[in-house]
Every structure is written in C-alpha cells, then in structure tokens.
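Visitor: The structure's right below; bear with me while I get my questions together.
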Amino acid sequence: MSTFAKTIKQYERECEKQDIPTETVLAYLVELTQRDRYDLFMHIDDEIPDDLASEFHAGMDRILHQEPMAHVLGYSWFYGYKMIVNEDVLIPRSETEELCAQILARIDEHFSNQATIECADVGTGSGAIAITVAKEEKKVRMHATDISEEALVTARKNAENNEVSVEFKAGDMLQPLIDGGLKLDVLISNPPYIPQDEKMETSVVDFEPHVALFGGQDGLKFYRMIFKDCRKVLKDKAFMAFEMGWDQRERMSQLVKEMLPEARYEIIKDMNGKDRMLFVYFNC
C-alpha cells in the first residue's frame with residue numbers, strides 16, 4: 001500500500017503532464033473520503049486503505065483521460081448546494097455563483113416590499129440557478145424551462161434533493177412561459193453563448209452537452225430570442241439577469257440598445273475583473 005502523500009504526489013505529476021490543474025487530485029480525494037483538507041493533511045503519511053485506493057485510482061484514470069471530475073463523482077457543489085450532474089447538463093461554474101449573488105442583491109433592492117416574487121430561469125439545465133435563488137430567497141416563486149427533457153429529469157432530482165419547489169416546464173426558451181400566461185418580476189438565463197467555431201477544451205467538448213454551450217455564429221443567438229419576446233412575460237417593473245462571455249461587452253451593449261432601447265442596462269465584472277454578467281432593467 002502507498003501513503004496519501006505519495007499517491008497525491010504521483011497523480012499531481014501525472015496531472016501536470018496532461019495540463020490538468022494539480023489541485024484536482026486533492027479536491028477529488030476530499031470528496032471521496034468526505035474528510036476536510038485539514039484532516040487529510042494531519043494524516044498525510046497514513047497508508048490509504050485498499051478499497052479507497054482502488055476507487056481513487058479508477059477515478060483519477062478517468063480524470064487523466066480528460067473526463068470532468070464532477071462527472072466522475074456524479075455531482076458538483078454550487079453555492080453550497082449539492083447538484084447531480086451528468087452528460088445531459090452543463091456542470092455549473094463558479095462564475096454563475098456570482099450571478100446568483102448579484103440577482104439576490106437586486107431582488108432585495110427592487111422587490112423588498114413584495115410578498116411574492118415571480119421568477120423564471122430560462123434554459124435551466126441542472127437547475128442550479130433556479131434552485132439556488134429559490135432556496136436563498138423564500139419570497140421567490142420559481143419557474144424554470146429547458147428544451148431538453150433529459151436535462152429536466154436531472155433538474156427535478158436536484159430540486160427534490162435540495163427540498164425546494166420549482167415549477168419545471170419543457171419547451172424552447174420563453175415559449176412555455178408565454179403559453180402559461182406568466183408575468184415575471186425577474187427573468188434569469190445563462191444561455192449558450194460560445195460562438196459556434198470557437199475551440200474548446202476536450203473535457204468540455206467531449207463530455208458536456210453542445211446544446212448548452214454554443215450560441216450560434218456570434219454567440220448571441222439566444223439573447224436575441226429572449227430580447228425579442230421578453231416583454232410578453234415581464235411585468236412593467238422587472239429585471240433580467242444573464243451570464244455572458246467575457247469578450248462580448250461591446251456586441252451585447254449594442255444588442256440591448258437595438259432591441260430594448262427603453263431599458264436601462266449594466267454589465268458587471270466577476271471577481272477576476274472580466275465582464276460576465278448583464279442586467280437589464282425595466283422601470284427599476
């Protein structure tokens with residue numbers, strides 16, 4: 001048997017060869033053992049039990065072949081909530097946690113006096129955004145749409161596991177909301193925004209659903225679709241919140257001005273100083 005320390009070092013070297021972040025090794029071990037990092041470091045020279053070593057080696061072999069760690073585990077953590085992930089949904093990113101925090105702050109700012117806040121997440125995927133906002137703000141009545149029935153199966157499981165009520169609707173973009181006659185205070189979307197011809201990492205292209213990644217020739221296809229029909233589902237006073245590509249500021253600004261000239265908008269940087277969030281306000 002080998003010790004934790006030797007095994008970690010061995011796989012960190014392998015990760016470096018494959019251009020995989022070395023912190024993946026310890027992160028995966030923490031999840032497998034369900035021990036915190038401090039506890040592992042306190043026992044770093046202990047031998048790894050055979051059953052754990054076998055599972056760890058098998059998982060790391062998949063990771064070294066570019067499979068995302070979240071797929072190996074079968075789940076990912078988002079805003080402190082555990083979300084099932086698989087080949088049918090996009091793995092939620094840390095940048096999207098920032099979007100949720102910004103949404104919650106603006107709900108407090110603009111709708112603090114309302115007893116109920118009607119909210120929808122368009123293209124919900126795993127349901128991570130919808131579930132998080134609904135868990136964090138009890139006044140929210142959350143709806144969520146996705147064109148993928150398979151994605152909605154996963155999203156419903158995540159809502160059930162996190163004990164939150166979300167009304168999921170199958171259909172293309174805003175259409176299920178329009179058909180349902182809904183009027184929203186808040187419309188959220190993290191749509192596919194990667195330009196069709198942009199090259200992506202193997203771990204993303206080979207293991208994550210393309211329908212959740214690519215947004216047409218310039219990456220703005222789905223924003224156009226939402227902007228075109230948004231007034232059909234929004235109340236007079238409302239706001240929309242989007243994640244966007246870090247290099248889309250100029251094109252996104254122009255699109256909002258062209259399609260929603262009556263609205264006020266702002267583009268917000270993430271913690272890395274990149275333009276990653278768009279908020280569009282109507283009478284707010």
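Residue numbering restarts at 1 in every chain; chains get A, B, ... in the order shown in the structure tokens, and ligands count up from 1 in that same order.
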If DSSP is run on the backbone, what residues of segment 137-268 of chain A are strand (DSSP E)? A reply as a PyMOL selection string would be ideal.
Guide: chain A and resi 140-146+166-170+184-189+234-243+264-268
Visitor: Keeping only N, CA, C and O atoms, write those residues as a compact mmCIF listing (two decimals), in the first residue's frame.
Guide:
# COMPACT_ATOMS: atom_id res chain seq x y z
N VAL A 140 -39.51 34.06 -3.41
CA VAL A 140 -39.50 33.75 -4.84
C VAL A 140 -40.39 32.55 -5.14
O VAL A 140 -40.35 31.54 -4.45
N ARG A 141 -41.21 32.71 -6.19
CA ARG A 141 -41.93 31.58 -6.78
C ARG A 141 -41.22 31.29 -8.10
O ARG A 141 -41.32 32.08 -9.04
N MET A 142 -40.54 30.16 -8.17
CA MET A 142 -39.61 29.90 -9.26
C MET A 142 -40.20 28.99 -10.32
O MET A 142 -40.77 27.94 -10.02
N HIS A 143 -40.01 29.41 -11.57
CA HIS A 143 -40.33 28.60 -12.74
C HIS A 143 -39.02 28.37 -13.49
O HIS A 143 -38.11 29.20 -13.43
N ALA A 144 -38.93 27.28 -14.22
CA ALA A 144 -37.70 27.00 -14.97
C ALA A 144 -38.04 26.24 -16.24
O ALA A 144 -38.88 25.33 -16.22
N THR A 145 -37.39 26.61 -17.33
CA THR A 145 -37.65 25.96 -18.62
C THR A 145 -36.38 25.35 -19.18
O THR A 145 -35.26 25.81 -18.90
N ASP A 146 -36.56 24.32 -19.99
CA ASP A 146 -35.46 23.78 -20.78
C ASP A 146 -36.03 23.00 -21.95
O ASP A 146 -37.09 22.37 -21.82
N VAL A 166 -39.77 24.12 -7.41
CA VAL A 166 -39.56 24.80 -8.69
C VAL A 166 -40.53 24.19 -9.69
O VAL A 166 -40.64 22.96 -9.78
N GLU A 167 -41.24 25.03 -10.44
CA GLU A 167 -42.15 24.52 -11.46
C GLU A 167 -41.39 24.44 -12.78
O GLU A 167 -41.07 25.45 -13.40
N PHE A 168 -41.07 23.22 -13.18
CA PHE A 168 -40.30 23.00 -14.41
C PHE A 168 -41.23 22.83 -15.60
O PHE A 168 -42.27 22.16 -15.51
N LYS A 169 -40.83 23.46 -16.73
CA LYS A 169 -41.63 23.40 -17.95
C LYS A 169 -40.72 23.07 -19.12
O LYS A 169 -39.67 23.68 -19.29
N ALA A 170 -41.14 22.10 -19.94
CA ALA A 170 -40.38 21.73 -21.12
C ALA A 170 -40.76 22.61 -22.30
O ALA A 170 -41.94 22.87 -22.53
N LEU A 184 -43.62 37.99 -15.04
CA LEU A 184 -42.47 37.84 -14.16
C LEU A 184 -41.94 39.16 -13.64
O LEU A 184 -41.95 40.17 -14.33
N ASP A 185 -41.43 39.09 -12.41
CA ASP A 185 -40.64 40.19 -11.86
C ASP A 185 -39.18 40.06 -12.28
O ASP A 185 -38.49 41.06 -12.50
N VAL A 186 -38.72 38.81 -12.37
CA VAL A 186 -37.31 38.54 -12.66
C VAL A 186 -37.21 37.41 -13.68
O VAL A 186 -37.80 36.34 -13.50
N LEU A 187 -36.46 37.67 -14.74
CA LEU A 187 -36.17 36.64 -15.75
C LEU A 187 -34.66 36.42 -15.76
O LEU A 187 -33.89 37.37 -15.92
N ILE A 188 -34.26 35.17 -15.58
CA ILE A 188 -32.84 34.81 -15.50
C ILE A 188 -32.52 33.85 -16.63
O ILE A 188 -33.33 32.99 -16.97
N SER A 189 -31.33 33.98 -17.20
CA SER A 189 -30.87 32.98 -18.15
C SER A 189 -29.35 32.96 -18.22
O SER A 189 -28.70 34.00 -18.22
N LEU A 234 -42.80 39.71 -19.03
CA LEU A 234 -42.34 40.57 -17.93
C LEU A 234 -43.44 41.53 -17.47
O LEU A 234 -44.21 42.03 -18.28
N LYS A 235 -43.47 41.81 -16.19
CA LYS A 235 -44.32 42.88 -15.68
C LYS A 235 -43.73 44.23 -16.09
O LYS A 235 -42.60 44.31 -16.58
N ASP A 236 -44.49 45.30 -15.87
CA ASP A 236 -44.00 46.63 -16.24
C ASP A 236 -42.70 46.94 -15.50
O ASP A 236 -41.77 47.51 -16.08
N LYS A 237 -42.66 46.59 -14.21
CA LYS A 237 -41.43 46.74 -13.43
C LYS A 237 -40.80 45.36 -13.30
O LYS A 237 -41.41 44.45 -12.72
N ALA A 238 -39.61 45.22 -13.84
CA ALA A 238 -38.96 43.90 -13.85
C ALA A 238 -37.49 44.07 -14.21
O ALA A 238 -37.06 45.12 -14.69
N PHE A 239 -36.72 43.01 -13.96
CA PHE A 239 -35.36 43.00 -14.48
C PHE A 239 -35.00 41.62 -15.01
O PHE A 239 -35.61 40.61 -14.63
N MET A 240 -34.03 41.59 -15.91
CA MET A 240 -33.50 40.35 -16.46
C MET A 240 -32.02 40.25 -16.09
O MET A 240 -31.32 41.26 -16.03
N ALA A 241 -31.57 39.02 -15.86
CA ALA A 241 -30.18 38.78 -15.47
C ALA A 241 -29.60 37.65 -16.32
O ALA A 241 -30.23 36.60 -16.47
N PHE A 242 -28.42 37.89 -16.86
CA PHE A 242 -27.79 36.93 -17.76
C PHE A 242 -26.31 36.75 -17.42
O PHE A 242 -25.64 37.69 -17.00
N GLU A 243 -25.82 35.54 -17.66
CA GLU A 243 -24.39 35.36 -17.78
C GLU A 243 -24.02 35.59 -19.23
O GLU A 243 -24.84 35.38 -20.13
N ARG A 264 -32.89 50.14 -19.21
CA ARG A 264 -31.58 50.50 -18.64
C ARG A 264 -30.81 49.21 -18.44
O ARG A 264 -31.39 48.17 -18.11
N TYR A 265 -29.49 49.24 -18.66
CA TYR A 265 -28.72 48.00 -18.50
C TYR A 265 -27.37 48.30 -17.87
O TYR A 265 -26.88 49.43 -17.88
N GLU A 266 -26.79 47.26 -17.31
CA GLU A 266 -25.42 47.34 -16.81
C GLU A 266 -24.72 46.01 -17.01
O GLU A 266 -25.35 44.94 -16.96
N ILE A 267 -23.43 46.06 -17.27
CA ILE A 267 -22.60 44.87 -17.41
C ILE A 267 -21.65 44.84 -16.23
O ILE A 267 -20.96 45.83 -15.94
N ILE A 268 -21.64 43.72 -15.52
CA ILE A 268 -20.92 43.61 -14.26
C ILE A 268 -19.74 42.65 -14.41
O ILE A 268 -19.86 41.59 -15.04
Visitor: From a backbone DSSP assignment, name each residue in segment 58-249 of chain A labelled alpha helix (DSSP H), as a ChimeraX atom specification.
Guide: /A:58-64,69-73,94-111,128-136,149-161,175-179,202-205,221-229,249
Visitor: Find, counting only C-alpha atoms, the residue in A:Arg93, A:Arg106, A:Lys138, A:Arg231 that gets nearest to Ser126 of chain A.
Guide: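 With only C-alpha atoms as the atom set, the closest residue is A:Arg93.
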Visitor: Report the distance between atom CA of Lys221 of chain A and atom CA of Val280 of chain A in Å, rounded to one decimal place.
Guide: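 Between atom CA of Lys221 of chain A and atom CA of Val280 of chain A the gap is 17.1 Å.
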Visitor: Identify which of the residues A:Arg224, A:Gln248, A:Thr132, A:Gly80 lies closest to Leu99 of chain A, counting only C-alpha atoms when measuring atom-to-atom distances.
Guide: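 Closest to Leu99 of chain A of all the choices is A:Thr132.
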Visitor: With only C-alpha atoms as the basis for distance, which of A:Lys17, A:Leu73, A:Pro92, A:Asp45 is at the shortest distance from Leu29 of chain A?
Guide: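 Using only C-alpha atoms, Leu29 of chain A sits closest to A:Leu73.
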Visitor: What lies within 10 Å of Gly245 of chain A using only C-alpha atoms, ignoring chain neighbours under 2 positions off, as a tab-separated table (two decimals) with all heavy atoms, in the first residue's frame?
Guide:
chain	number	residue	atom	x	y	z
A	192	PRO	N	-26.56	29.35	-23.81
A	192	PRO	CA	-25.33	29.04	-24.55
A	192	PRO	C	-24.80	30.32	-25.21
A	192	PRO	O	-25.55	30.99	-25.92
A	192	PRO	CB	-25.79	28.03	-25.60
A	192	PRO	CG	-27.07	27.46	-25.06
A	192	PRO	CD	-27.71	28.58	-24.30
A	193	TYR	N	-23.53	30.67	-24.94
A	193	TYR	CA	-23.02	31.93	-25.51
A	193	TYR	C	-21.66	31.79	-26.18
A	193	TYR	O	-21.02	32.78	-26.53
A	193	TYR	CB	-22.96	33.02	-24.44
A	193	TYR	CG	-22.21	32.69	-23.17
A	193	TYR	CD1	-20.82	32.61	-23.15
A	193	TYR	CD2	-22.88	32.47	-21.98
A	193	TYR	CE1	-20.12	32.33	-21.99
A	193	TYR	CE2	-22.21	32.19	-20.80
A	193	TYR	CZ	-20.83	32.12	-20.81
A	193	TYR	OH	-20.14	31.84	-19.65
A	194	ILE	N	-21.21	30.56	-26.40
A	194	ILE	CA	-19.93	30.36	-27.06
A	194	ILE	C	-20.15	30.37	-28.57
A	194	ILE	O	-21.01	29.65	-29.08
A	194	ILE	CB	-19.30	29.02	-26.63
A	194	ILE	CG1	-19.05	29.02	-25.11
A	194	ILE	CG2	-18.00	28.76	-27.39
A	194	ILE	CD1	-18.70	27.67	-24.55
A	195	PRO	N	-19.41	31.20	-29.33
A	195	PRO	CA	-19.54	31.19	-30.79
A	195	PRO	C	-19.29	29.80	-31.37
A	195	PRO	O	-18.45	29.04	-30.86
A	195	PRO	CB	-18.46	32.18	-31.24
A	195	PRO	CG	-18.29	33.10	-30.08
A	195	PRO	CD	-18.47	32.23	-28.86
A	219	GLY	N	-22.42	33.84	-30.92
A	219	GLY	CA	-22.67	33.54	-29.51
A	219	GLY	C	-23.88	34.24	-28.93
A	219	GLY	O	-24.22	34.02	-27.76
A	220	LEU	N	-24.57	35.08	-29.72
A	220	LEU	CA	-25.66	35.89	-29.18
A	220	LEU	C	-27.06	35.43	-29.62
A	220	LEU	O	-28.05	36.10	-29.36
A	220	LEU	CB	-25.47	37.37	-29.57
A	220	LEU	CG	-24.16	38.02	-29.12
A	220	LEU	CD1	-24.17	39.50	-29.50
A	220	LEU	CD2	-23.93	37.85	-27.63
A	243	GLU	N	-25.82	35.54	-17.66
A	243	GLU	CA	-24.39	35.36	-17.78
A	243	GLU	C	-24.02	35.59	-19.23
A	243	GLU	O	-24.84	35.38	-20.13
A	243	GLU	CB	-23.98	33.95	-17.33
A	243	GLU	CG	-22.47	33.76	-17.23
A	243	GLU	CD	-22.08	32.46	-16.54
A	243	GLU	OE1	-22.64	32.16	-15.47
A	243	GLU	OE2	-21.23	31.74	-17.10
A	247	ASP	N	-15.78	38.41	-23.43
A	247	ASP	CA	-15.37	39.30	-24.52
A	247	ASP	C	-16.55	39.82	-25.33
A	247	ASP	O	-16.38	40.30	-26.46
A	247	ASP	CB	-14.40	38.56	-25.45
A	247	ASP	CG	-15.01	37.29	-26.04
A	247	ASP	OD1	-16.09	36.87	-25.57
A	247	ASP	OD2	-14.39	36.72	-26.96
A	248	GLN	N	-17.76	39.77	-24.79
A	248	GLN	CA	-18.96	40.14	-25.54
A	248	GLN	C	-19.53	41.51	-25.15
A	248	GLN	O	-20.63	41.85	-25.57
A	248	GLN	CB	-20.03	39.05	-25.37
A	248	GLN	CG	-19.66	37.73	-26.01
A	248	GLN	CD	-20.66	36.62	-25.73
A	248	GLN	OE1	-21.37	36.65	-24.71
A	248	GLN	NE2	-20.73	35.64	-26.60
A	249	ARG	N	-18.81	42.27	-24.37
A	249	ARG	CA	-19.36	43.53	-23.84
A	249	ARG	C	-19.86	44.46	-24.95
A	249	ARG	O	-21.00	44.94	-24.92
A	249	ARG	CB	-18.30	44.25	-23.01
A	249	ARG	CG	-18.83	45.55	-22.39
A	249	ARG	CD	-17.75	46.34	-21.66
A	249	ARG	NE	-18.37	47.45	-20.94
A	249	ARG	CZ	-18.68	47.44	-19.65
A	249	ARG	NH1	-18.43	46.36	-18.92
A	249	ARG	NH2	-19.25	48.48	-19.08
A	252	MET	N	-22.81	42.92	-26.91
A	252	MET	CA	-24.00	42.80	-26.07
A	252	MET	C	-24.62	44.18	-25.82
A	252	MET	O	-25.85	44.33	-25.86
A	252	MET	CB	-23.64	42.15	-24.74
A	252	MET	CG	-24.85	41.78	-23.89
A	252	MET	SD	-25.82	40.46	-24.62
A	252	MET	CE	-24.81	39.04	-24.18
A	274	LYS	N	-13.47	40.28	-15.15
A	274	LYS	CA	-13.96	40.05	-16.51
A	274	LYS	C	-15.45	40.37	-16.61
A	274	LYS	O	-16.21	40.11	-15.68
A	274	LYS	CB	-13.71	38.59	-16.92
A	274	LYS	CG	-12.23	38.25	-17.05
A	274	LYS	CD	-12.04	36.82	-17.54
A	274	LYS	CE	-10.54	36.50	-17.74
A	274	LYS	NZ	-10.36	35.12	-18.23
A	275	ASP	N	-15.86	40.92	-17.75
A	275	ASP	CA	-17.27	41.23	-17.99
A	275	ASP	C	-18.05	39.93	-18.15
A	275	ASP	O	-17.92	39.25	-19.17
A	275	ASP	CB	-17.42	42.08	-19.26
A	275	ASP	CG	-16.73	43.42	-19.16
A	275	ASP	OD1	-16.82	44.03	-18.08
A	275	ASP	OD2	-16.11	43.85	-20.14
A	276	ARG	N	-18.87	39.57	-17.14
A	276	ARG	CA	-19.51	38.25	-17.19
A	276	ARG	C	-21.01	38.27	-16.91
A	276	ARG	O	-21.67	37.24	-17.03
A	276	ARG	CB	-18.84	37.31	-16.17
A	276	ARG	CG	-17.42	36.91	-16.50
A	276	ARG	CD	-17.29	36.35	-17.89
A	276	ARG	NE	-18.10	35.18	-18.09
A	276	ARG	CZ	-17.70	33.93	-17.87
A	276	ARG	NH1	-16.47	33.71	-17.46
A	276	ARG	NH2	-18.50	32.93	-18.09
A	277	MET	N	-21.57	39.42	-16.50
A	277	MET	CA	-22.99	39.47	-16.14
A	277	MET	C	-23.67	40.68	-16.76
A	277	MET	O	-23.13	41.78	-16.73
A	277	MET	CB	-23.14	39.50	-14.62
A	277	MET	CG	-22.74	38.21	-13.93
A	277	MET	SD	-22.43	38.43	-12.15
A	277	MET	CE	-20.72	39.00	-12.15
A	278	LEU	N	-24.85	40.45	-17.32
A	278	LEU	CA	-25.66	41.52	-17.89
A	278	LEU	C	-26.97	41.61	-17.12
A	278	LEU	O	-27.67	40.60	-16.96
A	278	LEU	CB	-25.96	41.23	-19.36
A	278	LEU	CG	-27.03	42.10	-20.03
A	278	LEU	CD1	-26.53	43.54	-20.22
A	278	LEU	CD2	-27.48	41.50	-21.36
Visitor: What's the 10 Å shell around Asn158 of chain A, counting only C-alpha atoms, without same-chain residues fewer than 4 positions away, as a PDB file with N, CA and C atoms, in the first residue's frame?
Guide:
ATOM      1  N   TYR A  75     -21.661  14.450  -9.183  1.00  0.00           N
ATOM      2  CA  TYR A  75     -22.256  15.657  -8.606  1.00  0.00           C
ATOM      3  C   TYR A  75     -21.233  16.785  -8.588  1.00  0.00           C
ATOM      4  N   TYR A  81     -24.788  24.051  -2.363  1.00  0.00           N
ATOM      5  CA  TYR A  81     -25.790  23.014  -2.595  1.00  0.00           C
ATOM      6  C   TYR A  81     -25.216  21.931  -3.512  1.00  0.00           C
ATOM      7  N   LYS A  82     -25.573  20.694  -3.211  1.00  0.00           N
ATOM      8  CA  LYS A  82     -25.079  19.568  -3.992  1.00  0.00           C
ATOM      9  C   LYS A  82     -25.995  19.331  -5.193  1.00  0.00           C
ATOM     10  N   MET A  83     -25.409  19.347  -6.395  1.00  0.00           N
ATOM     11  CA  MET A  83     -26.175  19.203  -7.630  1.00  0.00           C
ATOM     12  C   MET A  83     -25.711  17.975  -8.408  1.00  0.00           C
ATOM     13  N   ILE A  84     -26.653  17.099  -8.745  1.00  0.00           N
ATOM     14  CA  ILE A  84     -26.347  15.993  -9.639  1.00  0.00           C
ATOM     15  C   ILE A  84     -25.958  16.565 -10.997  1.00  0.00           C
ATOM     16  N   VAL A  85     -24.882  16.036 -11.584  1.00  0.00           N
ATOM     17  CA  VAL A  85     -24.514  16.413 -12.953  1.00  0.00           C
ATOM     18  C   VAL A  85     -24.216  15.155 -13.752  1.00  0.00           C
ATOM     19  N   SER A 126     -29.153  21.921 -15.200  1.00  0.00           N
ATOM     20  CA  SER A 126     -29.170  21.161 -13.942  1.00  0.00           C
ATOM     21  C   SER A 126     -30.132  21.748 -12.919  1.00  0.00           C
ATOM     22  N   GLY A 127     -30.609  22.968 -13.183  1.00  0.00           N
ATOM     23  CA  GLY A 127     -31.484  23.645 -12.228  1.00  0.00           C
ATOM     24  C   GLY A 127     -30.736  24.428 -11.176  1.00  0.00           C
ATOM     25  N   ALA A 128     -29.410  24.521 -11.295  1.00  0.00           N
ATOM     26  CA  ALA A 128     -28.591  25.108 -10.234  1.00  0.00           C
ATOM     27  C   ALA A 128     -28.991  26.543  -9.897  1.00  0.00           C
ATOM     28  N   ILE A 131     -32.711  26.676  -8.411  1.00  0.00           N
ATOM     29  CA  ILE A 131     -32.747  26.092  -7.065  1.00  0.00           C
ATOM     30  C   ILE A 131     -32.077  27.023  -6.062  1.00  0.00           C
ATOM     31  N   LEU A 152     -34.247  18.202 -17.748  1.00  0.00           N
ATOM     32  CA  LEU A 152     -35.291  18.449 -16.752  1.00  0.00           C
ATOM     33  C   LEU A 152     -35.419  17.294 -15.763  1.00  0.00           C
ATOM     34  N   VAL A 153     -35.128  16.076 -16.200  1.00  0.00           N
ATOM     35  CA  VAL A 153     -35.124  14.941 -15.264  1.00  0.00           C
ATOM     36  C   VAL A 153     -34.092  15.185 -14.165  1.00  0.00           C
ATOM     37  N   THR A 154     -32.895  15.623 -14.582  1.00  0.00           N
ATOM     38  CA  THR A 154     -31.837  15.909 -13.610  1.00  0.00           C
ATOM     39  C   THR A 154     -32.199  17.108 -12.739  1.00  0.00           C
ATOM     40  N   ASN A 162     -32.692  18.995  -2.853  1.00  0.00           N
ATOM     41  CA  ASN A 162     -32.425  20.226  -2.097  1.00  0.00           C
ATOM     42  C   ASN A 162     -33.683  20.805  -1.453  1.00  0.00           C
ATOM     43  N   GLU A 163     -34.767  20.049  -1.531  1.00  0.00           N
ATOM     44  CA  GLU A 163     -36.020  20.371  -0.831  1.00  0.00           C
ATOM     45  C   GLU A 163     -36.513  21.775  -1.151  1.00  0.00           C
ATOM     46  N   VAL A 164     -36.661  22.024  -2.454  1.00  0.00           N
ATOM     47  CA  VAL A 164     -37.151  23.330  -2.897  1.00  0.00           C
ATOM     48  C   VAL A 164     -38.179  23.123  -4.005  1.00  0.00           C
TER      49      VAL A 164
END
Visitor: Taking 2 positions as the minimum chain separation for residues in the same chain, which residues sit within 12 Å of Lys9 of chain A when counting only C-alpha atoms? Answer as a PyMOL selection string.
Guide: chain A and resi 2-7+11-16+22-26+44-45
Visitor: Could the residues in this selection be saved with N, CA and C atoms as a PDB file, in the first residue's frame?
Guide:
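Saved the output as part.pdb:
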ATOM      1  N   SER A   2       0.307   2.351  -0.476  1.00  0.00           N
ATOM      2  CA  SER A   2       1.013   3.623  -0.529  1.00  0.00           C
ATOM      3  C   SER A   2       0.361   4.600   0.439  1.00  0.00           C
ATOM      4  N   THR A   3       1.091   5.620   0.790  1.00  0.00           N
ATOM      5  CA  THR A   3       0.546   6.638   1.687  1.00  0.00           C
ATOM      6  C   THR A   3      -0.253   7.664   0.887  1.00  0.00           C
ATOM      7  N   PHE A   4      -1.053   8.463   1.605  1.00  0.00           N
ATOM      8  CA  PHE A   4      -1.773   9.558   0.969  1.00  0.00           C
ATOM      9  C   PHE A   4      -0.795  10.502   0.273  1.00  0.00           C
ATOM     10  N   ALA A   5       0.300  10.834   0.962  1.00  0.00           N
ATOM     11  CA  ALA A   5       1.269  11.796   0.432  1.00  0.00           C
ATOM     12  C   ALA A   5       1.877  11.315  -0.880  1.00  0.00           C
ATOM     13  N   LYS A   6       2.308  10.067  -0.920  1.00  0.00           N
ATOM     14  CA  LYS A   6       2.947   9.544  -2.136  1.00  0.00           C
ATOM     15  C   LYS A   6       1.956   9.469  -3.292  1.00  0.00           C
ATOM     16  N   THR A   7       0.748   9.052  -2.973  1.00  0.00           N
ATOM     17  CA  THR A   7      -0.271   8.913  -4.020  1.00  0.00           C
ATOM     18  C   THR A   7      -0.643  10.274  -4.598  1.00  0.00           C
ATOM     19  N   TYR A  11      -0.024  11.524  -8.598  1.00  0.00           N
ATOM     20  CA  TYR A  11      -1.057  11.984  -9.519  1.00  0.00           C
ATOM     21  C   TYR A  11      -0.918  13.458  -9.852  1.00  0.00           C
ATOM     22  N   GLU A  12      -0.332  14.238  -8.973  1.00  0.00           N
ATOM     23  CA  GLU A  12      -0.058  15.639  -9.320  1.00  0.00           C
ATOM     24  C   GLU A  12       0.927  15.713 -10.487  1.00  0.00           C
ATOM     25  N   ARG A  13       1.916  14.826 -10.491  1.00  0.00           N
ATOM     26  CA  ARG A  13       2.861  14.784 -11.615  1.00  0.00           C
ATOM     27  C   ARG A  13       2.158  14.385 -12.909  1.00  0.00           C
ATOM     28  N   GLU A  14       1.257  13.421 -12.801  1.00  0.00           N
ATOM     29  CA  GLU A  14       0.508  12.976 -13.986  1.00  0.00           C
ATOM     30  C   GLU A  14      -0.396  14.094 -14.512  1.00  0.00           C
ATOM     31  N   CYS A  15      -0.998  14.830 -13.590  1.00  0.00           N
ATOM     32  CA  CYS A  15      -1.857  15.943 -14.000  1.00  0.00           C
ATOM     33  C   CYS A  15      -1.057  17.011 -14.725  1.00  0.00           C
ATOM     34  N   GLU A  16       0.134  17.304 -14.243  1.00  0.00           N
ATOM     35  CA  GLU A  16       0.981  18.302 -14.892  1.00  0.00           C
ATOM     36  C   GLU A  16       1.279  17.906 -16.334  1.00  0.00           C
ATOM     37  N   THR A  22      -3.293  20.692 -10.849  1.00  0.00           N
ATOM     38  CA  THR A  22      -2.845  19.710  -9.851  1.00  0.00           C
ATOM     39  C   THR A  22      -3.758  19.673  -8.626  1.00  0.00           C
ATOM     40  N   GLU A  23      -4.477  20.783  -8.360  1.00  0.00           N
ATOM     41  CA  GLU A  23      -5.362  20.798  -7.191  1.00  0.00           C
ATOM     42  C   GLU A  23      -6.541  19.842  -7.355  1.00  0.00           C
ATOM     43  N   THR A  24      -6.750  19.359  -8.583  1.00  0.00           N
ATOM     44  CA  THR A  24      -7.811  18.380  -8.838  1.00  0.00           C
ATOM     45  C   THR A  24      -7.608  17.123  -7.998  1.00  0.00           C
ATOM     46  N   VAL A  25      -6.361  16.735  -7.804  1.00  0.00           N
ATOM     47  CA  VAL A  25      -6.062  15.491  -7.080  1.00  0.00           C
ATOM     48  C   VAL A  25      -6.582  15.556  -5.647  1.00  0.00           C
ATOM     49  N   LEU A  26      -6.213  16.596  -4.943  1.00  0.00           N
ATOM     50  CA  LEU A  26      -6.644  16.721  -3.554  1.00  0.00           C
ATOM     51  C   LEU A  26      -8.155  16.958  -3.469  1.00  0.00           C
ATOM     52  N   ILE A  44      -1.497  12.709   6.430  1.00  0.00           N
ATOM     53  CA  ILE A  44      -0.968  12.617   5.081  1.00  0.00           C
ATOM     54  C   ILE A  44       0.006  11.447   4.898  1.00  0.00           C
ATOM     55  N   ASP A  45       0.652  11.011   5.989  1.00  0.00           N
ATOM     56  CA  ASP A  45       1.611   9.911   5.879  1.00  0.00           C
ATOM     57  C   ASP A  45       1.002   8.554   6.218  1.00  0.00           C
TER      58      ASP A  45
END
Visitor: Interatomic distance between atom CA of Asp121 of chain A and atom CA of Ala134 of chain A?
Guide: 10.5 Å
Visitor: Between A:Glu118, A:Asp51, A:Glu67, A:Glu136, which one has atoms that come closest to Ala101 of chain A, using only C-alpha atoms?
Guide: A:Glu136
Visitor: Residues within 12 Å of Ala70 of chain A, please, as number ranges by chain. Count only C-alpha atoms; anything in the same chain fewer than 4 positions from it doesn't count.
Guide: A: 24, 27-28, 31-32, 59-60, 62-63, 66, 74-78, 82-87, 89-93, 203-204, 207-208
Visitor: Could you tell me how far atom CA of Ile107 of chain A lies from atom CA of Tyr281 of chain A, in Å and to one decimal?
Guide: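 Atom CA of Tyr281 of chain A lies at a distance of 11.7 Å from atom CA of Ile107 of chain A.
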Visitor: Applying 7 Å and only C-alpha atoms, which residues near Met259 of chain A remain after dropping the ones on its own chain fewer than 3 positions away? List them as a ChimeraX atom specification.
Guide: /A:227,255-256
Visitor: Could those residues be written to a file, using C-alpha atoms, as an mmCIF file, in the first residue's frame?
Guide:
data_model
loop_
_atom_site.group_PDB
_atom_site.id
_atom_site.type_symbol
_atom_site.label_atom_id
_atom_site.label_comp_id
_atom_site.auth_asym_id
_atom_site.auth_seq_id
_atom_site.Cartn_x
_atom_site.Cartn_y
_atom_site.Cartn_z
ATOM 1 C CA PHE A 227 -34.907 40.041 -26.057
ATOM 2 C CA LEU A 255 -27.744 44.377 -28.987
ATOM 3 C CA VAL A 256 -29.532 45.720 -25.900
#
Visitor: Of the candidates A:Met244, A:Ser253, A:Ala155, A:Gly181, which one gets nearest to Ile129 of chain A if we count only C-alpha atoms?
Guide: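 Of all the options, A:Ala155 lies closest to Ile129 of chain A.
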Visitor: Which of these, A:Phe282, A:His57, A:Ile178, A:Arg156, has the shortest distance to Gln10 of chain A once you count only C-alpha atoms?
Guide: A:His57
